[in-house]
file data_8.cif (mmCIF, C-alpha atoms)
data_upload
loop_
_atom_site.label_atom_id
_atom_site.label_comp_id
_atom_site.auth_asym_id
_atom_site.auth_seq_id
_atom_site.Cartn_x
_atom_site.Cartn_y
_atom_site.Cartn_z
CA MET A 199 24.48 -148.55 -43.97
CA GLU A 200 24.92 -150.35 -47.20
CA VAL A 201 26.53 -153.66 -47.99
CA LYS A 202 28.38 -153.39 -51.30
CA ASP A 203 29.66 -156.93 -51.51
CA ALA A 204 28.77 -159.61 -48.99
CA ASN A 205 31.43 -161.98 -50.27
CA ALA A 206 34.41 -159.91 -51.30
CA ALA A 207 37.00 -162.43 -50.14
CA LEU A 208 37.43 -165.58 -48.10
CA LEU A 209 39.68 -165.29 -45.08
CA SER A 210 41.64 -168.15 -43.59
CA ASN A 211 41.59 -168.64 -39.84
CA PHE A 212 45.25 -167.68 -39.79
CA GLU A 213 44.58 -164.26 -41.33
CA VAL A 214 41.85 -163.53 -38.81
CA PHE A 215 44.14 -164.74 -36.03
CA GLN A 216 46.88 -162.37 -37.15
CA LEU A 217 44.47 -159.47 -37.48
CA LEU A 218 43.00 -159.97 -34.04
CA THR A 219 46.36 -160.37 -32.30
CA ASP A 220 47.62 -157.18 -33.98
CA LEU A 221 44.47 -155.34 -33.00
CA LYS A 222 44.77 -156.58 -29.44
CA GLN A 223 48.40 -155.45 -29.32
CA GLN A 224 47.47 -152.02 -30.68
CA ARG A 225 44.73 -151.54 -28.14
CA LYS A 226 46.99 -152.63 -25.33
CA ASP A 227 49.74 -150.25 -26.49
CA SER A 228 47.50 -147.24 -26.82
CA GLY A 229 46.50 -148.05 -23.27
CA LYS A 230 43.93 -145.34 -22.72
CA HIS A 231 40.45 -145.72 -21.26
CA LYS A 232 38.48 -148.31 -23.15
CA GLN A 233 35.11 -146.52 -22.93
CA SER A 234 33.71 -149.71 -21.51
CA SER A 235 30.14 -149.37 -22.74
CA GLY A 236 31.07 -148.83 -26.36
CA GLN A 237 34.04 -151.14 -26.69
CA GLN A 238 32.66 -154.02 -24.66
CA ASN A 239 31.21 -155.76 -27.71
CA LEU A 240 34.49 -155.55 -29.55
CA ASN A 241 36.38 -156.85 -26.52
CA THR A 242 34.00 -159.76 -26.10
CA ILE A 243 34.04 -160.86 -29.70
CA MET A 244 37.80 -160.47 -29.99
CA TYR A 245 38.41 -162.50 -26.86
CA GLU A 246 36.03 -165.32 -27.83
CA THR A 247 37.21 -165.51 -31.42
CA LEU A 248 40.87 -165.54 -30.39
CA LYS A 249 40.11 -168.25 -27.88
CA TYR A 250 38.47 -170.36 -30.56
CA ILE A 251 41.09 -169.84 -33.23
CA SER A 252 43.93 -170.51 -30.80
CA LYS A 253 42.67 -174.05 -30.46
CA THR A 254 42.96 -174.69 -34.19
CA PRO A 255 46.15 -175.60 -36.10
CA CYS A 256 46.52 -172.09 -37.51
CA ARG A 257 48.31 -170.80 -34.43
CA PHE A 258 51.45 -172.50 -35.73
CA GLN A 259 51.18 -171.05 -39.21
CA SER A 260 52.96 -168.10 -40.74
CA PRO A 261 52.56 -166.26 -44.07
CA GLU A 262 55.46 -168.22 -45.58
CA ILE A 263 53.95 -171.55 -44.57
CA VAL A 264 50.61 -170.57 -46.08
CA ARG A 265 52.32 -169.52 -49.30
CA ASP A 266 54.30 -172.77 -49.51
CA PHE A 267 51.17 -174.75 -48.85
CA LEU A 268 49.22 -173.03 -51.62
CA ILE A 269 52.09 -173.55 -54.09
CA ALA A 270 52.23 -177.22 -53.19
CA MET A 271 48.47 -177.54 -53.61
CA LYS A 272 48.56 -176.22 -57.16
CA GLY A 273 49.16 -179.66 -58.60
CA HIS A 274 46.13 -181.22 -56.94
CA LYS A 275 43.34 -179.37 -58.70
CA LEU A 276 41.28 -178.47 -55.66
CA THR A 277 38.73 -175.70 -55.40
CA LYS A 278 39.41 -172.58 -53.34
CA ALA A 279 37.00 -173.68 -50.62
CA GLU A 280 38.67 -177.10 -50.36
CA LYS A 281 42.15 -175.62 -50.06
CA LEU A 282 40.88 -173.22 -47.42
CA GLN A 283 39.41 -176.05 -45.39
CA LEU A 284 42.63 -178.07 -45.64
CA LEU A 285 44.52 -175.03 -44.42
CA ASN A 286 42.16 -174.41 -41.53
CA HIS A 287 41.72 -177.98 -40.35
CA ARG A 288 44.97 -179.75 -41.22
CA PRO A 289 43.33 -183.18 -41.69
CA MET A 290 45.42 -186.07 -40.47
CA SER A 291 43.45 -188.94 -41.92
CA ALA A 292 41.93 -189.94 -45.21
CA VAL A 293 38.40 -189.84 -43.82
CA GLU A 294 38.83 -186.17 -42.92
CA ILE A 295 40.09 -185.34 -46.42
CA GLN A 296 37.09 -187.10 -47.83
CA LEU A 297 34.83 -184.82 -45.82
CA GLU A 298 36.42 -181.74 -47.21
CA ASP A 299 36.59 -182.81 -50.80
CA LYS A 300 33.25 -184.30 -51.65
CA ASP A 301 34.41 -185.30 -55.09
CA CYS A 302 36.97 -187.83 -54.09
CA LEU A 303 36.60 -191.48 -54.98
CA TYR A 304 37.71 -193.49 -52.02
CA THR A 305 37.21 -197.17 -51.95
CA SER A 306 38.57 -198.43 -48.68
CA PHE A 307 39.84 -197.48 -45.25
CA PRO A 308 43.48 -198.32 -44.70
CA GLU A 309 44.10 -200.61 -41.72
CA SER A 310 45.26 -197.90 -39.35
CA LYS A 311 42.25 -195.65 -39.76
CA SER A 312 39.86 -197.80 -37.76
CA VAL A 313 37.50 -196.43 -35.17
CA SER A 314 39.44 -196.61 -31.94
CA TRP A 315 37.49 -198.96 -29.72
CA SER A 316 36.85 -201.70 -32.21
CA ARG A 317 39.80 -203.66 -33.50
CA GLY A 318 37.71 -205.87 -35.71
CA PHE A 319 36.61 -202.92 -37.79
CA GLU A 320 38.89 -203.42 -40.75
CA ARG A 321 38.19 -202.75 -44.31
CA GLN A 322 35.02 -200.91 -45.09
CA ASN A 323 34.15 -200.01 -48.62
CA ILE A 324 32.97 -196.50 -48.91
CA GLN A 325 32.23 -194.82 -52.14
CA MET A 326 31.80 -191.11 -52.22
CA VAL A 327 31.43 -190.43 -55.87
CA GLU A 328 29.66 -187.22 -56.66
CA GLU A 329 28.51 -186.42 -60.16
CA SER A 330 31.63 -184.55 -61.10
CA GLU A 331 34.73 -184.80 -63.23
CA GLU A 332 37.17 -184.39 -60.38
CA ARG A 333 38.26 -187.57 -58.67
CA LEU A 334 40.97 -188.15 -56.16
CA THR A 335 42.42 -191.62 -56.23
CA GLU A 336 43.90 -193.25 -53.20
CA GLU A 337 47.43 -192.23 -54.21
CA GLN A 338 46.36 -188.63 -54.56
CA ILE A 339 44.78 -188.69 -51.13
CA GLU A 340 47.95 -190.14 -49.68
CA SER A 341 50.06 -187.49 -51.36
CA LEU A 342 47.68 -184.78 -50.11
CA LEU A 343 48.03 -186.11 -46.58
CA GLN A 344 51.81 -186.11 -46.99
CA THR A 345 51.85 -182.50 -48.19
CA VAL A 346 49.54 -181.37 -45.42
CA SER A 347 51.48 -182.98 -42.63
CA SER A 348 54.87 -181.95 -43.98
CA ILE A 349 54.15 -178.30 -44.73
CA LEU A 350 51.58 -177.36 -42.14
CA PRO A 351 52.93 -177.57 -38.61
CA GLY A 352 50.81 -179.37 -36.07
CA ASN A 353 51.11 -179.89 -32.35
CA PRO A 354 54.77 -180.04 -31.42
CA MET B 198 34.64 -169.60 -41.92
CA PHE B 199 35.31 -165.88 -42.16
CA VAL B 200 34.63 -163.61 -45.11
CA LEU B 201 35.52 -160.06 -45.94
CA VAL B 202 32.48 -157.87 -46.57
CA GLU B 203 32.69 -154.52 -48.30
CA MET B 204 30.37 -151.99 -46.74
CA MET B 205 29.65 -148.32 -46.86
CA ASP B 206 28.28 -146.13 -44.11
CA THR B 207 28.11 -142.55 -42.88
CA VAL B 208 29.95 -142.19 -39.59
CA ARG B 209 29.19 -139.43 -37.13
CA ILE B 210 32.14 -138.13 -35.12
CA PRO B 211 31.15 -135.94 -32.15
CA PRO B 212 33.19 -132.76 -31.60
CA TRP B 213 34.98 -134.00 -28.48
CA GLN B 214 36.71 -136.63 -30.60
CA PHE B 215 38.06 -134.17 -33.15
CA GLU B 216 41.50 -134.28 -31.53
CA MET B 217 41.88 -137.95 -32.54
CA LYS B 218 43.09 -138.85 -35.98
CA LEU B 219 40.07 -139.23 -38.26
CA ASN B 220 40.96 -142.79 -39.22
CA ASP B 221 41.22 -143.90 -35.62
CA SER B 222 37.97 -142.31 -34.51
CA ILE B 223 36.15 -143.75 -37.52
CA ALA B 224 37.56 -147.22 -36.84
CA GLU B 225 36.42 -146.96 -33.25
CA GLU B 226 32.92 -145.86 -34.24
CA LEU B 227 32.57 -148.65 -36.79
CA ASN B 228 33.71 -151.27 -34.31
CA LYS B 229 31.36 -149.86 -31.72
CA LYS B 230 28.48 -150.10 -34.17
CA LEU B 231 29.12 -153.50 -35.75
CA ALA B 232 31.37 -155.75 -33.62
CA ASN B 233 29.58 -158.80 -32.23
CA LYS B 234 26.39 -157.87 -34.07
CA VAL B 235 24.56 -159.82 -36.75
CA VAL B 236 23.85 -158.04 -40.02
CA TYR B 237 20.83 -159.42 -41.85
CA ASN B 238 21.82 -161.81 -44.65
CA VAL B 239 25.49 -161.11 -44.09
CA GLY B 240 26.64 -162.77 -40.86
CA LEU B 241 28.17 -162.08 -37.47
CA CYS B 242 30.53 -159.10 -37.66
CA ILE B 243 33.85 -159.61 -35.92
CA CYS B 244 36.07 -156.58 -36.44
CA LEU B 245 37.13 -153.95 -38.94
CA TYR B 246 39.64 -155.11 -41.54
CA ASP B 247 40.52 -151.80 -43.15
CA ILE B 248 39.12 -148.53 -44.46
CA THR B 249 39.26 -148.40 -48.24
CA LYS B 250 37.97 -144.89 -48.91
CA LEU B 251 37.09 -141.82 -46.93
CA GLU B 252 34.99 -139.19 -48.54
CA ASP B 253 34.74 -135.56 -47.46
CA SER B 254 33.46 -134.81 -43.99
CA TYR B 255 30.47 -132.51 -43.63
CA ILE B 256 29.04 -130.59 -40.71
CA PHE B 257 25.29 -130.06 -40.82
CA PRO B 258 23.45 -127.14 -39.33
CA GLY B 259 22.25 -127.73 -35.80
CA ASP B 260 24.71 -130.57 -35.14
CA GLY B 261 28.32 -129.88 -34.28
CA ALA B 262 29.46 -133.37 -35.22
CA SER B 263 31.09 -134.25 -38.51
CA HIS B 264 29.56 -136.81 -40.87
CA THR B 265 31.84 -138.80 -43.11
CA LYS B 266 30.97 -141.35 -45.75
CA VAL B 267 33.27 -144.34 -45.31
CA HIS B 268 33.92 -147.34 -47.53
CA PHE B 269 35.43 -150.14 -45.49
CA ARG B 270 35.89 -153.89 -45.24
CA TYR B 271 34.73 -155.89 -42.27
CA VAL B 272 35.62 -159.40 -41.12
CA VAL B 273 32.38 -161.36 -40.85
CA PHE B 274 31.71 -164.88 -39.64
CA HIS B 275 29.70 -166.55 -42.37
CA PRO B 276 30.51 -170.21 -42.99
CA PHE B 277 29.65 -171.41 -46.46
CA LEU B 278 27.29 -174.30 -47.13
CA ASP B 279 28.86 -177.74 -46.56
CA GLU B 280 31.76 -176.30 -44.63
CA ILE B 281 33.21 -178.49 -41.89
CA LEU B 282 33.51 -176.87 -38.47
CA ILE B 283 34.66 -178.04 -35.05
CA GLY B 284 32.67 -176.86 -32.04
CA GLU B 285 31.80 -177.80 -28.51
CA ILE B 286 28.57 -179.48 -27.43
CA LYS B 287 26.63 -177.10 -25.22
CA GLY B 288 23.75 -179.42 -24.48
CA CYS B 289 21.11 -181.73 -25.89
CA SER B 290 17.38 -181.40 -26.10
CA GLN B 291 14.51 -182.93 -28.04
CA ASP B 292 15.26 -180.51 -30.87
CA GLY B 293 18.72 -181.97 -31.28
CA VAL B 294 22.26 -181.26 -30.20
CA HIS B 295 23.23 -177.65 -29.50
CA VAL B 296 26.78 -176.74 -30.47
CA SER B 297 28.74 -173.61 -29.74
CA LEU B 298 31.90 -172.10 -31.21
CA GLY B 299 32.60 -169.81 -28.25
CA PHE B 300 31.90 -166.63 -30.15
CA PHE B 301 28.80 -168.05 -31.84
CA ASP B 302 26.23 -170.16 -30.04
CA ASP B 303 23.21 -170.72 -32.25
CA ILE B 304 24.12 -173.95 -33.96
CA VAL B 305 21.78 -176.93 -33.78
CA ILE B 306 22.08 -180.43 -35.19
CA PRO B 307 18.55 -181.83 -35.61
CA PRO B 308 17.86 -185.47 -34.68
CA GLU B 309 17.51 -186.62 -38.28
CA SER B 310 21.04 -185.41 -39.08
CA LEU B 311 22.71 -187.38 -36.29
CA GLN B 312 24.58 -190.59 -36.99
CA GLN B 313 21.83 -193.17 -37.31
CA PRO B 314 20.55 -194.98 -35.31
CA ALA B 315 20.35 -192.38 -32.53
CA LYS B 316 18.11 -192.12 -29.50
CA PHE B 317 17.51 -189.52 -26.84
CA ASP B 318 18.29 -190.69 -23.32
CA GLU B 319 15.63 -188.97 -21.19
CA ALA B 320 17.30 -189.72 -17.88
CA GLU B 321 20.56 -188.04 -18.76
CA GLN B 322 19.09 -185.63 -21.35
CA VAL B 323 21.68 -186.61 -23.89
CA TRP B 324 21.64 -187.97 -27.45
CA VAL B 325 23.22 -191.36 -27.99
CA TRP B 326 24.55 -192.98 -31.15
CA GLU B 327 23.87 -196.71 -31.07
CA TYR B 328 26.81 -197.96 -33.04
CA GLU B 329 26.58 -201.56 -34.24
CA THR B 330 29.57 -203.82 -34.75
CA GLU B 331 29.96 -207.61 -34.93
CA GLU B 332 30.65 -207.64 -31.20
CA GLY B 333 27.42 -205.87 -30.28
CA ALA B 334 26.00 -202.39 -29.93
CA HIS B 335 28.10 -199.60 -28.48
CA ASP B 336 26.32 -196.62 -27.01
CA LEU B 337 28.20 -193.46 -27.86
CA TYR B 338 27.06 -190.56 -25.71
CA MET B 339 27.17 -186.99 -26.94
CA ASP B 340 28.17 -185.34 -23.69
CA THR B 341 28.35 -181.62 -22.93
CA GLY B 342 31.78 -180.14 -23.35
CA GLU B 343 32.90 -182.63 -25.98
CA GLU B 344 34.42 -181.37 -29.21
CA ILE B 345 32.36 -182.23 -32.24
CA ARG B 346 33.04 -181.98 -35.96
CA PHE B 347 29.98 -181.16 -38.08
CA ARG B 348 29.00 -179.97 -41.54
CA ILE B 349 26.91 -176.84 -42.14
CA VAL B 350 23.78 -177.75 -44.09
CA ASP B 351 21.58 -174.70 -43.64
CA GLU B 352 21.52 -171.19 -42.26
CA SER B 353 18.69 -168.83 -41.43
CA PHE B 354 18.59 -165.11 -40.92
CA VAL B 355 15.72 -163.57 -38.98
CA ASP B 356 15.06 -159.87 -39.14
CA THR B 357 14.85 -158.87 -35.49
CA SER B 358 14.35 -155.15 -36.03
CA PRO B 359 11.47 -153.75 -33.97
CA THR B 360 8.13 -153.90 -35.77
CA GLY B 361 6.44 -150.96 -34.12
CA PRO B 362 3.38 -150.86 -31.85
CA SER B 363 1.43 -154.12 -32.04
CA SER B 364 -2.37 -154.24 -32.55
CA THR B 365 -4.66 -153.91 -29.50
CA GLU B 366 -5.99 -157.51 -29.58
CA ALA B 367 -2.55 -159.00 -29.30
CA SER B 368 -1.47 -156.68 -26.51
CA THR B 369 -4.49 -157.27 -24.26
CA SER B 370 -4.28 -161.06 -24.44
CA GLY B 371 -0.56 -161.23 -23.94
CA ALA B 372 -0.37 -158.50 -21.29
CA THR B 373 0.15 -160.78 -18.31
CA GLU B 374 2.37 -163.41 -19.93
CA GLU B 375 4.75 -161.14 -21.84
CA VAL B 376 6.19 -164.10 -23.70
CA GLN B 377 9.28 -162.60 -25.24
CA LYS B 378 10.08 -164.96 -28.07
CA LYS B 379 13.77 -164.30 -28.48
CA GLU B 380 14.69 -165.55 -31.90
CA ALA B 381 18.30 -165.86 -32.78
CA PRO B 382 19.00 -163.44 -35.64
CA TYR B 383 21.39 -165.90 -37.26
CA MET B 384 21.13 -169.63 -36.84
CA LEU B 385 23.09 -172.50 -38.34
CA VAL B 386 21.91 -176.05 -38.89
CA GLY B 387 24.52 -178.77 -38.87
CA SER B 388 24.75 -182.45 -39.68
CA ILE B 389 26.98 -185.27 -38.52
CA SER B 390 25.54 -188.12 -40.55
CA GLU B 391 28.74 -188.93 -42.43
CA PRO B 392 31.88 -190.92 -41.64
CA GLY B 393 34.36 -188.66 -39.94
CA LEU B 394 31.74 -186.39 -38.43
CA GLY B 395 30.65 -186.36 -34.82
CA LEU B 396 32.68 -186.36 -31.64
CA LEU B 397 36.41 -186.14 -32.36
CA SER B 398 37.01 -189.01 -29.98
CA TRP B 399 34.96 -191.35 -32.19
CA TRP B 400 37.39 -191.06 -35.09
CA THR B 401 40.86 -190.69 -33.56
CA ASN B 402 43.30 -193.51 -34.16
CA SER B 403 44.36 -195.38 -31.06
#
call {"tool": "encode", "arguments": {"input": "data_8.cif", "output": "structure tokens"}}
result
Amino acid sequence: MEVKDANAALLSNFEVFQLLTDLKQQRKDSGKHKQSSGQQNLNTIMYETLKYISKTPCRFQSPEIVRDFLIAMKGHKLTKAEKLQLLNHRPMSAVEIQLEDKDCLYTSFPESKSVSWSRGFERQNIQMVEESEERLTEEQIESLLQTVSSILPGNP
Amino acid sequence: MFVLVEMMDTVRIPPWQFEMKLNDSIAEELNKKLANKVVYNVGLCICLYDITKLEDSYIFPGDGASHTKVHFRYVVFHPFLDEILIGEIKGCSQDGVHVSLGFFDDIVIPPESLQQPAKFDEAEQVWVWEYETEEGAHDLYMDTGEEIRFRIVDESFVDTSPTGPSSTEASTSGATEEVQKKEAPYMLVGSISEPGLGLLSWWTNS
């Protein structure tokens, strides 16, 4: 066996979710004996992966939503990996966005984003400036959060 | 988290499967061979994505089965460096916190990558983050079953193919113990030493 290209393309969780549900449907429809010894590995990995992905936000996504999201992200100058992570995780707070985009310059936590048990934990200055040209200001982070929560569906 | 890997292999179809469509029997063989297996330096194979090219099938003397060279793409779990993942804590030990994703279990967060200061509670066998505020120290336990968000900082592939008969000295000394050191073929190292990482419950807004 030969590996021609170990990194031909990145797949979003949604694409894998779609692929696995289609595969599962196909196998159910064809209905015949599953040759348990041979297919057991495939069954196991499909079941576990589907179980994991079903707990992530991508179960609410559709190809149109993904397309709209990517079009909306064009203005923000993010790398492919960052857009993929936003799509997979659907961050709801600025601190999560900061994790995914290491180049963002973020100087303070807004009031509402405090750690839950401690009400006195107000403004904390955090600087995450990496040596790079790209910087996201606070307004850009807010607009990113807006886009993410408006286009990507979350828990109903 | 998932990547598409282009591979090429020769697939053997035994004669009793000749009634199936070639594409279907090849897909089945490839899944049987690769699903849920780790390929060295590539990742954990999940399932076949598609077949890109099928070359001519040959039958060799002495074997009634057909051999076909196939070019295909496979979905592989291979998170990139610095990717953020959410998993479930499987347990804690002196080596750190063990996290699992359901389909992939060999993820460890070593003690130095935990939110500092952290200590290991021997009685409950659990790692604790001693979080300081003006009001005092809060002990945040990293319990089993909790969802945890972490960043991938390192990965390691170990070639677990059999090495052949070992030398006589090694076999005689180890004959009674038979210590089978089962090394995970693919292991990930994570870190939670940043704001936003760690148990999800630590960072949710009330």
call {"tool": "atom_distance", "arguments": {"input": "data_8.cif", "atom1": "atom CA of Gln312 of chain B", "atom2": "atom CA of Tyr250 of chain A"}}
result
25.4 Å
call {"tool": "closest_atom_pairs", "arguments": {"input": "data_8.cif", "of": "chain B", "to": "chain A", "cutoff": "6 Å", "atoms": "all atoms listed in the file", "output": "CSV"}}
result
residue,atom,partner,partner_atom,distance
B:Phe199,CA,A:Leu209,CA,5.3
B:Val200,CA,A:Leu208,CA,4.5
B:Leu201,CA,A:Ala207,CA,5.0
B:Val202,CA,A:Ala204,CA,4.8
B:Glu203,CA,A:Asp203,CA,5.0
B:Met204,CA,A:Val201,CA,4.4
B:Met205,CA,A:Glu200,CA,5.2
B:Asp206,CA,A:Met199,CA,4.5
B:Lys229,CA,A:Gly236,CA,5.5
B:Ala232,CA,A:Leu240,CA,5.1
B:Asn233,CA,A:Ile243,CA,5.5
B:Gly299,CA,A:Glu246,CA,5.7
B:Phe300,CA,A:Glu246,CA,4.9
B:Gly393,CA,A:Val293,CA,5.7
B:Trp400,CA,A:Val313,CA,5.4
B:Asn402,CA,A:Ser314,CA,5.4
B:Ser403,CA,A:Ser314,CA,5.1
call {"tool": "resolve_selection", "arguments": {"input": "data_8.cif", "expression": "the PyMOL selection byres ((chain B and resi 275) around 10)", "output": "VMD selection string"}}
result
(chain A and resid 204 to 205 208) or (chain B and resid 198 to 201 238 to 242 272 to 274 276 to 278 352 383 385)
call {"tool": "atom_distance", "arguments": {"input": "data_8.cif", "atom1": "atom CA of Phe212 of chain A", "atom2": "atom CA of Glu225 of chain B"}}
result
23.5 Å
call {"tool": "atom_distance", "arguments": {"input": "data_8.cif", "atom1": "atom CA of Ser290 of chain B", "atom2": "atom CA of Phe317 of chain B"}}
result
8.2 Å
call {"tool": "resolve_selection", "arguments": {"input": "data_8.cif", "expression": "the PyMOL selection byres ((chain B and resi 358) around 12)", "output": "PyMOL selection string"}}
result
chain B and resi 235-237+354-357+359-361+379-382
call {"tool": "resolve_selection", "arguments": {"input": "data_8.cif", "expression": "the PyMOL selection byres ((chain B and resi 289) around 9)", "output": "list in words"}}
result
Ile286, Lys287, Gly288, Ser290, Gln291, Asp292, Gly293, Val294, His295, Val296, Phe317, Gln322, Val323, Trp324, Met339, Asp340 and Thr341 of chain B
call {"tool": "closest_residue", "arguments": {"input": "data_8.cif", "among": "B:Thr330, B:Gln313, B:Gln214, B:Ser297", "to": "Glu343 of chain B", "atoms": "all atoms listed in the file"}}
result
B:Ser297
call {"tool": "closest_residue", "arguments": {"input": "data_8.cif", "among": "B:Ile256, B:Val208, B:Ile345, B:Val325", "to": "Ile283 of chain B", "atoms": "all atoms listed in the file"}}
result
B:Ile345
call {"tool": "residues_around", "arguments": {"input": "data_8.cif", "residues": "Phe267 of chain A", "least_positions_apart": "6", "cutoff": "10 Å", "atoms": "only C-alpha atoms", "output": "list of chain:residue names"}}
result
A:Pro261, A:Lys281, A:Leu284, A:Leu285, A:Thr345, A:Val346, A:Ser348, A:Ile349, A:Leu350
call {"tool": "axis_aligned_box", "arguments": {"input": "data_8.cif", "around": "segment 307-313 of chain B", "padding_each_side": "5 Å", "output": "lines of an AutoDock Vina configuration file"}}
result
center_x = 21.0
center_y = -187.5
center_z = -36.9
size_x = 17.1
size_y = 21.3
size_z = 14.4
call {"tool": "closest_residue", "arguments": {"input": "data_8.cif", "among": "B:Glu344, B:Pro258, B:Trp213, B:Phe301", "to": "Lys253 of chain A", "atoms": "all atoms listed in the file"}}
result
B:Glu344
call {"tool": "closest_residue", "arguments": {"input": "data_8.cif", "among": "B:Ala315, B:Pro392, B:Leu231, B:Leu397", "to": "Asp336 of chain B", "atoms": "all atoms listed in the file"}}
result
B:Ala315
